[in-house]
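**Q** Data file my_file_7.pdb (PDB, C-alpha atoms and all ligand atoms) is appended below.
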```
ATOM      1  CA  MET A   1     -36.689  23.478   8.926
ATOM      2  CA  GLY A   2     -35.152  20.431   7.255
ATOM      3  CA  ALA A   3     -36.494  16.933   7.904
ATOM      4  CA  ALA A   4     -34.217  14.492   9.762
ATOM      5  CA  ARG A   5     -31.991  12.422   7.493
ATOM      6  CA  ARG A   6     -31.182   8.766   7.697
ATOM      7  CA  GLU A   7     -27.769   7.795   6.327
ATOM      8  CA  THR A   8     -27.249   4.376   4.830
ATOM      9  CA  TYR A   9     -24.436   3.051   2.695
ATOM     10  CA  GLN A  10     -23.859   0.127   0.369
ATOM     11  CA  VAL A  11     -20.594  -1.324  -0.872
ATOM     12  CA  LEU A  12     -19.493  -0.191  -4.340
ATOM     13  CA  ILE A  13     -15.883  -1.478  -4.386
ATOM     14  CA  ARG A  14     -14.792  -4.217  -1.995
ATOM     15  CA  ARG A  15     -11.515  -4.057  -0.051
ATOM     16  CA  THR A  16     -10.079  -7.035  -1.991
ATOM     17  CA  GLU A  17     -10.760  -5.304  -5.333
ATOM     18  CA  ILE A  18      -9.153  -2.106  -3.985
ATOM     19  CA  LYS A  19      -6.073  -4.043  -2.846
ATOM     20  CA  ASN A  20      -5.652  -5.780  -6.216
ATOM     21  CA  ARG A  21      -6.084  -2.565  -8.155
ATOM     22  CA  VAL A  22      -3.712  -0.555  -5.923
ATOM     23  CA  GLU A  23      -1.080  -3.267  -6.462
ATOM     24  CA  ALA A  24      -1.599  -3.102 -10.240
ATOM     25  CA  VAL A  25      -1.274   0.709 -10.268
ATOM     26  CA  ALA A  26       1.911   0.440  -8.154
ATOM     27  CA  ARG A  27       3.395  -2.107 -10.599
ATOM     28  CA  LYS A  28       2.679   0.243 -13.514
ATOM     29  CA  ILE A  29       4.308   3.196 -11.702
ATOM     30  CA  THR A  30       7.303   0.993 -10.854
ATOM     31  CA  ARG A  31       7.685   0.065 -14.551
ATOM     32  CA  ASP A  32       7.149   3.621 -15.827
ATOM     33  CA  PHE A  33       9.789   5.134 -13.507
ATOM     34  CA  LYS A  34      12.256   2.241 -13.552
ATOM     35  CA  GLY A  35      15.623   3.249 -12.086
ATOM     36  CA  GLN A  36      14.387   6.677 -10.968
ATOM     37  CA  ARG A  37      13.321   8.288  -7.712
ATOM     38  CA  ILE A  38       9.706   9.359  -7.283
ATOM     39  CA  HIS A  39       8.072  11.822  -4.906
ATOM     40  CA  LEU A  40       4.465  11.142  -3.899
ATOM     41  CA  ILE A  41       2.302  14.072  -2.802
ATOM     42  CA  GLY A  42      -0.886  13.071  -1.009
ATOM     43  CA  VAL A  43      -3.848  15.424  -0.978
ATOM     44  CA  LEU A  44      -5.140  15.437   2.606
ATOM     45  CA  LYS A  45      -7.127  13.975   4.005
ATOM     46  CA  GLY A  46      -8.921  11.772   1.524
ATOM     47  CA  ALA A  47      -5.836  10.305  -0.171
ATOM     48  CA  CYS A  48      -4.042   9.192   3.012
ATOM     49  CA  PHE A  49      -5.060   5.501   2.918
ATOM     50  CA  PHE A  50      -4.554   5.229  -0.851
ATOM     51  CA  LEU A  51      -1.112   6.846  -0.598
ATOM     52  CA  ALA A  52      -0.077   4.613   2.311
ATOM     53  CA  ASP A  53      -1.075   1.435   0.477
ATOM     54  CA  LEU A  54       0.254   2.576  -2.910
ATOM     55  CA  ALA A  55       3.637   3.697  -1.550
ATOM     56  CA  ARG A  56       4.255   0.312   0.080
ATOM     57  CA  GLU A  57       3.683  -1.508  -3.213
ATOM     58  CA  ILE A  58       6.021   0.706  -5.261
ATOM     59  CA  ASP A  59       9.457  -0.790  -5.763
ATOM     60  CA  LEU A  60      11.415   2.450  -6.318
ATOM     61  CA  GLU A  61      13.247   5.012  -4.217
ATOM     62  CA  THR A  62      10.261   6.956  -2.922
ATOM     63  CA  SER A  63       9.695  10.030  -0.762
ATOM     64  CA  ILE A  64       6.353  11.445   0.367
ATOM     65  CA  ASP A  65       4.828  14.783   1.286
ATOM     66  CA  PHE A  66       1.311  16.082   1.860
ATOM     67  CA  ILE A  67      -0.692  19.104   0.804
ATOM     68  CA  SER A  68      -4.136  20.132   1.992
ATOM     69  CA  VAL A  69      -6.785  22.143   0.209
ATOM     70  CA  ALA A  70     -10.360  23.061   0.998
ATOM     71  CA  SER A  71     -12.815  22.556  -1.818
ATOM     72  CA  TYR A  72     -15.864  21.042  -0.188
ATOM     73  CA  GLY A  73     -17.928  22.277   2.737
ATOM     74  CA  LYS A  74     -19.508  19.946   5.243
ATOM     75  CA  GLY A  75     -21.948  18.476   2.761
ATOM     76  CA  LYS A  76     -21.877  16.761  -0.611
ATOM     77  CA  GLU A  77     -21.617  19.771  -2.914
ATOM     78  CA  SER A  78     -18.469  21.632  -3.857
ATOM     79  CA  SER A  79     -18.208  25.300  -2.978
ATOM     80  CA  GLY A  80     -16.542  25.709  -6.384
ATOM     81  CA  GLN A  81     -13.595  27.410  -4.708
ATOM     82  CA  VAL A  82     -10.278  25.896  -3.796
ATOM     83  CA  ARG A  83      -7.830  27.288  -1.280
ATOM     84  CA  LEU A  84      -4.561  26.031   0.175
ATOM     85  CA  LEU A  85      -4.784  24.941   3.826
ATOM     86  CA  LYS A  86      -1.389  23.256   4.222
ATOM     87  CA  ASP A  87       1.532  23.613   1.863
ATOM     88  CA  LEU A  88       4.264  21.053   1.135
ATOM     89  CA  ASP A  89       7.087  20.652   3.636
ATOM     90  CA  ASN A  90       9.800  20.400   0.970
ATOM     91  CA  SER A  91      10.760  21.719  -2.457
ATOM     92  CA  ILE A  92       9.771  19.578  -5.466
ATOM     93  CA  ALA A  93      12.217  21.186  -7.926
ATOM     94  CA  GLY A  94      13.779  18.541 -10.167
ATOM     95  CA  LEU A  95      11.694  15.663  -8.757
ATOM     96  CA  ASN A  96       9.416  13.128 -10.458
ATOM     97  CA  VAL A  97       6.214  14.127  -8.684
ATOM     98  CA  ILE A  98       3.104  11.976  -8.549
ATOM     99  CA  LEU A  99       0.141  13.810  -7.064
ATOM    100  CA  VAL A 100      -2.029  11.265  -5.252
ATOM    101  CA  GLU A 101      -5.762  12.095  -5.102
ATOM    102  CA  ASP A 102      -8.674  10.175  -3.613
ATOM    103  CA  ILE A 103     -11.218  11.142  -6.268
ATOM    104  CA  LEU A 104     -11.457  13.275  -9.379
ATOM    105  CA  ASP A 105     -14.882  14.862  -9.483
ATOM    106  CA  THR A 106     -15.365  18.309 -11.040
ATOM    107  CA  GLY A 107     -11.590  18.594 -11.496
ATOM    108  CA  LEU A 108     -11.455  21.994  -9.778
ATOM    109  CA  THR A 109      -9.133  20.769  -7.021
ATOM    110  CA  LEU A 110      -6.757  18.999  -9.384
ATOM    111  CA  ASN A 111      -6.715  21.941 -11.781
ATOM    112  CA  TYR A 112      -5.768  24.259  -8.902
ATOM    113  CA  LEU A 113      -3.098  21.896  -7.543
ATOM    114  CA  LEU A 114      -1.498  21.274 -10.941
ATOM    115  CA  ASN A 115      -1.180  25.025 -11.479
ATOM    116  CA  VAL A 116       0.418  25.479  -8.047
ATOM    117  CA  LEU A 117       2.832  22.542  -8.445
ATOM    118  CA  LYS A 118       3.883  23.282 -12.042
ATOM    119  CA  GLN A 119       5.249  26.646 -10.918
ATOM    120  CA  ARG A 120       7.657  24.835  -8.589
ATOM    121  CA  LYS A 121       9.575  23.231 -11.451
ATOM    122  CA  PRO A 122       9.281  19.486 -10.843
ATOM    123  CA  LYS A 123      11.145  17.307 -13.368
ATOM    124  CA  THR A 124       7.889  15.505 -14.193
ATOM    125  CA  LEU A 125       4.388  15.870 -12.782
ATOM    126  CA  CYS A 126       1.651  13.282 -13.047
ATOM    127  CA  VAL A 127      -1.479  12.244 -11.188
ATOM    128  CA  ALA A 128      -2.709   9.055  -9.571
ATOM    129  CA  ALA A 129      -6.374   9.036  -8.530
ATOM    130  CA  LEU A 130      -8.054   6.151  -6.777
ATOM    131  CA  LEU A 131     -11.470   7.072  -8.196
ATOM    132  CA  ASP A 132     -12.637   8.995 -11.225
ATOM    133  CA  LYS A 133     -16.143  10.414 -11.790
ATOM    134  CA  PRO A 134     -15.681  11.700 -15.367
ATOM    135  CA  SER A 135     -19.348  12.633 -15.801
ATOM    136  CA  ARG A 136     -18.980  15.495 -13.296
ATOM    137  CA  ARG A 137     -15.969  17.208 -14.852
ATOM    138  CA  LEU A 138     -15.965  21.021 -15.115
ATOM    139  CA  LYS A 139     -12.214  21.388 -15.835
ATOM    140  CA  PRO A 140     -10.493  19.328 -18.557
ATOM    141  CA  VAL A 141      -8.048  17.506 -16.262
ATOM    142  CA  LYS A 142      -7.096  13.816 -16.343
ATOM    143  CA  ALA A 143      -5.250  11.389 -14.122
ATOM    144  CA  ASP A 144      -2.356   9.337 -15.522
ATOM    145  CA  TYR A 145      -3.120   6.444 -13.174
ATOM    146  CA  ILE A 146      -6.723   5.650 -12.239
ATOM    147  CA  GLY A 147      -7.900   3.003  -9.806
ATOM    148  CA  PHE A 148     -11.580   2.845 -10.742
ATOM    149  CA  THR A 149     -13.932   4.850 -12.912
ATOM    150  CA  ILE A 150     -17.237   5.155 -11.053
ATOM    151  CA  PRO A 151     -20.735   6.481 -11.815
ATOM    152  CA  ASN A 152     -22.040   9.794 -10.512
ATOM    153  CA  GLU A 153     -22.645   8.685  -6.923
ATOM    154  CA  PHE A 154     -21.426  10.191  -3.660
ATOM    155  CA  VAL A 155     -18.988   7.707  -2.158
ATOM    156  CA  VAL A 156     -17.343   7.325   1.241
ATOM    157  CA  GLY A 157     -14.761   5.008   2.790
ATOM    158  CA  TYR A 158     -11.083   4.168   2.225
ATOM    159  CA  GLY A 159     -10.263   7.805   3.030
ATOM    160  CA  LEU A 160     -13.319   9.512   1.557
ATOM    161  CA  ASP A 161     -15.654  11.288   3.947
ATOM    162  CA  TYR A 162     -19.043  12.792   4.414
ATOM    163  CA  ALA A 163     -18.736  15.643   6.965
ATOM    164  CA  GLU A 164     -15.468  14.052   8.202
ATOM    165  CA  ARG A 165     -17.095  10.680   8.883
ATOM    166  CA  TYR A 166     -16.793   7.267   7.193
ATOM    167  CA  ARG A 167     -13.124   7.675   6.175
ATOM    168  CA  ASN A 168     -12.233   4.486   8.060
ATOM    169  CA  LEU A 169     -14.582   2.155   6.153
ATOM    170  CA  LYS A 170     -12.508  -0.548   4.454
ATOM    171  CA  ASP A 171     -14.663  -0.627   1.306
ATOM    172  CA  VAL A 172     -15.660   2.247  -0.969
ATOM    173  CA  CYS A 173     -19.400   2.675  -0.384
ATOM    174  CA  ILE A 174     -22.220   4.697  -1.900
ATOM    175  CA  LEU A 175     -23.758   6.997   0.704
ATOM    176  CA  ASP A 176     -27.484   7.392   0.569
ATOM    177  CA  LEU A 177     -29.050  10.331   2.376
ATOM    178  CA  ARG A 178     -32.794  10.002   2.621
ATOM    179  CA  LYS A 179     -35.201  12.342   4.293
ATOM    180  CA  GLN A 180     -37.140  10.437   6.930
TER     181      GLN A 180
HETATM  182  P1  LIG B 201     -13.242  18.128  -7.318
HETATM  183  O1  LIG B 201     -12.479  19.384  -7.047
HETATM  184  O2  LIG B 201     -14.704  18.412  -7.573
HETATM  185  O3  LIG B 201     -12.642  17.242  -8.381
HETATM  186  O4  LIG B 201     -13.316  17.330  -5.970
HETATM  187  C1  LIG B 201     -12.247  16.778  -5.398
HETATM  188  C2  LIG B 201     -12.483  16.570  -3.929
HETATM  189  O5  LIG B 201     -13.863  16.588  -3.569
HETATM  190  C3  LIG B 201     -11.991  15.204  -3.572
HETATM  191  O6  LIG B 201     -10.614  15.219  -3.275
HETATM  192  C4  LIG B 201     -12.866  14.852  -2.402
HETATM  193  O7  LIG B 201     -12.313  15.348  -1.209
HETATM  194  C5  LIG B 201     -14.178  15.560  -2.673
HETATM  195  N1  LIG B 201     -15.166  14.649  -3.307
HETATM  196  C6  LIG B 201     -15.592  14.637  -4.573
HETATM  197  N2  LIG B 201     -16.484  13.642  -4.789
HETATM  198  C7  LIG B 201     -16.609  13.011  -3.605
HETATM  199  C8  LIG B 201     -17.368  11.856  -3.172
HETATM  200  O8  LIG B 201     -18.121  11.206  -3.924
HETATM  201  N3  LIG B 201     -17.208  11.525  -1.882
HETATM  202  C9  LIG B 201     -16.396  12.172  -1.014
HETATM  203  N4  LIG B 201     -15.666  13.231  -1.374
HETATM  204  C10 LIG B 201     -15.774  13.650  -2.659
END
```
Rewrite the coordinates I just gave you, this time as structure tokens.
**A**
Amino acid sequence: MGAARRETYQVLIRRTEIKNRVEAVARKITRDFKGQRIHLIGVLKGACFFLADLAREIDLETSIDFISVASYGKGKESSGQVRLLKDLDNSIAGLNVILVEDILDTGLTLNYLLNVLKQRKPKTLCVAALLDKPSRRLKPVKADYIGFTIPNEFVVGYGLDYAERYRNLKDVCILDLRKQ
């Protein structure tokens, strides 16, 4: 029988820092794809707030779609397996695709998604991740646009969850689970 747990969280990245950084990433994407159309693909559900804020700061012809995969169970550890839960609504053939992720951790999810998307013949395919935890990487994948590189902590907020909770926090916070 497990002991009861008390959940506490502390702010790691404040909402103002997130806003400034999202704007900077959007400016870079706008410069890099000047004069072209881009297609943002958000990985549900964690990337929904990041995608919504990023898309509104990009000054290009932009379309969006969503994909959903299962990689984590209810807790903090990855199952190590990735499977597709919801596919894209539209074809990406010939498009400049930017895959928008909440966090790059082991890289298993991104590795899986890149393999799936590459087969669909986009014109270009790159990755924007709000957070990067490079110390946890198991697959050699990288994001082209990174919001923040963070230490090996479990974080919640601004889209990121723990057992489907905390996504609506405005700041990115470190979640601490202590046994009582
Ligand atoms: P990866 O496949 O290990 O890179 O994990 C990617 C997915 O795991 C992310 O899209 C998140 O949904 C989840 N994840 C990884 N680290 C965290 C974290 O610190 N907090 C919340 N979710 C996380």
**Q** Quick one: what's the axis-aligned box for ligand LIG 201 (chain B), all listed atoms, 3 Å on every side, centre and edges in Å to one decimal, as AutoDock Vina command-line options?
**A**
```
--center_x -14.4 --center_y 15.3 --center_z -4.7 --size_x 13.5 --size_y 14.2 --size_z 13.4
```
**Q** Counting all atoms listed in the file, which of A:Ala128, A:Leu88, A:Leu108, A:Ala163 gets nearest to ligand LIG 201 (chain B)?
**A**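 With all atoms listed in the file as the atom set, the closest residue is A:Leu108.
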**Q** Carefully work through the PyMOL selection byres (((not hetatm)) within 7 of (chain B and resi 201)) for this structure and note down the residues it includes, as JSON, numbers by chain.
**A** {"A": [46, 71, 72, 78, 101, 102, 103, 104, 105, 106, 107, 108, 109, 110, 153, 154, 155, 156, 160, 161, 162]}
**Q** Nearest to Thr62 (chain A): which of A:Val172, A:Leu84, A:Ala143, A:Leu95 is it, counting only C-alpha atoms?
**A**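 Checking each candidate against Thr62 (chain A), we get A:Leu95 as the closest.
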**Q** Given the file shown, enumerate the residues that the PyMOL selection byres (((chain A and resi 5-14) around 10) and not hetatm) captures and present them as a list in words.
**A**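 Answer for the PyMOL selection byres (((chain A and resi 5-14) around 10) and not hetatm): Gly2, Ala3, Ala4, Arg15, Thr16, Glu17, Ile18, Lys19, Phe148, Ile150, Glu153, Val155, Val156, Gly157, Tyr158, Tyr166, Leu169, Lys170, Asp171, Val172, Cys173, Ile174, Leu175, Asp176, Leu177, Arg178, Lys179 and Gln180 of chain A.
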**Q** Rounded to one decimal place, report the CA of Asp87 (chain A)-CA of Val43 (chain A) distance in Å.
**A**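 Going from CA of Asp87 (chain A) over to CA of Val43 (chain A), I get 10.2 Å.
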**Q** Neighbours of Val97 (chain A) within 7 Å (all atoms listed in the file; same-chain residues fewer than 4 positions away dropped), as a PyMOL selection string?
**A** chain A and resi 38-40+122+124-126
**Q** Measure the distance from CA of Arg56 (chain A) to CA of Arg167 (chain A) in Å and round it to one decimal.
**A**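 These two atoms are separated by 19.8 Å.
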**Q** Which one of A:Leu85, A:Thr149, A:Ser135, A:Tyr112 sits closest to Leu44 (chain A) if you count only C-alpha atoms?
**A**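 Smallest separation from Leu44 (chain A) among the options: A:Leu85.
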**Q** Point out the residue among A:Arg165, A:Pro140, A:Ile41, A:Ala70 with the least atom-to-atom distance to Leu117 (chain A), counting only C-alpha atoms.
**A**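 Using only C-alpha atoms, the shortest distance to Leu117 (chain A) belongs to A:Ile41.
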**Q** Using all atoms listed in the file, pick whichever of A:Ala129, A:Glu57, A:Pro151, A:Leu99 has the shortest atom-to-atom distance to Ala24 (chain A).
**A**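 Smallest distance to Ala24 (chain A) is found for A:Glu57.
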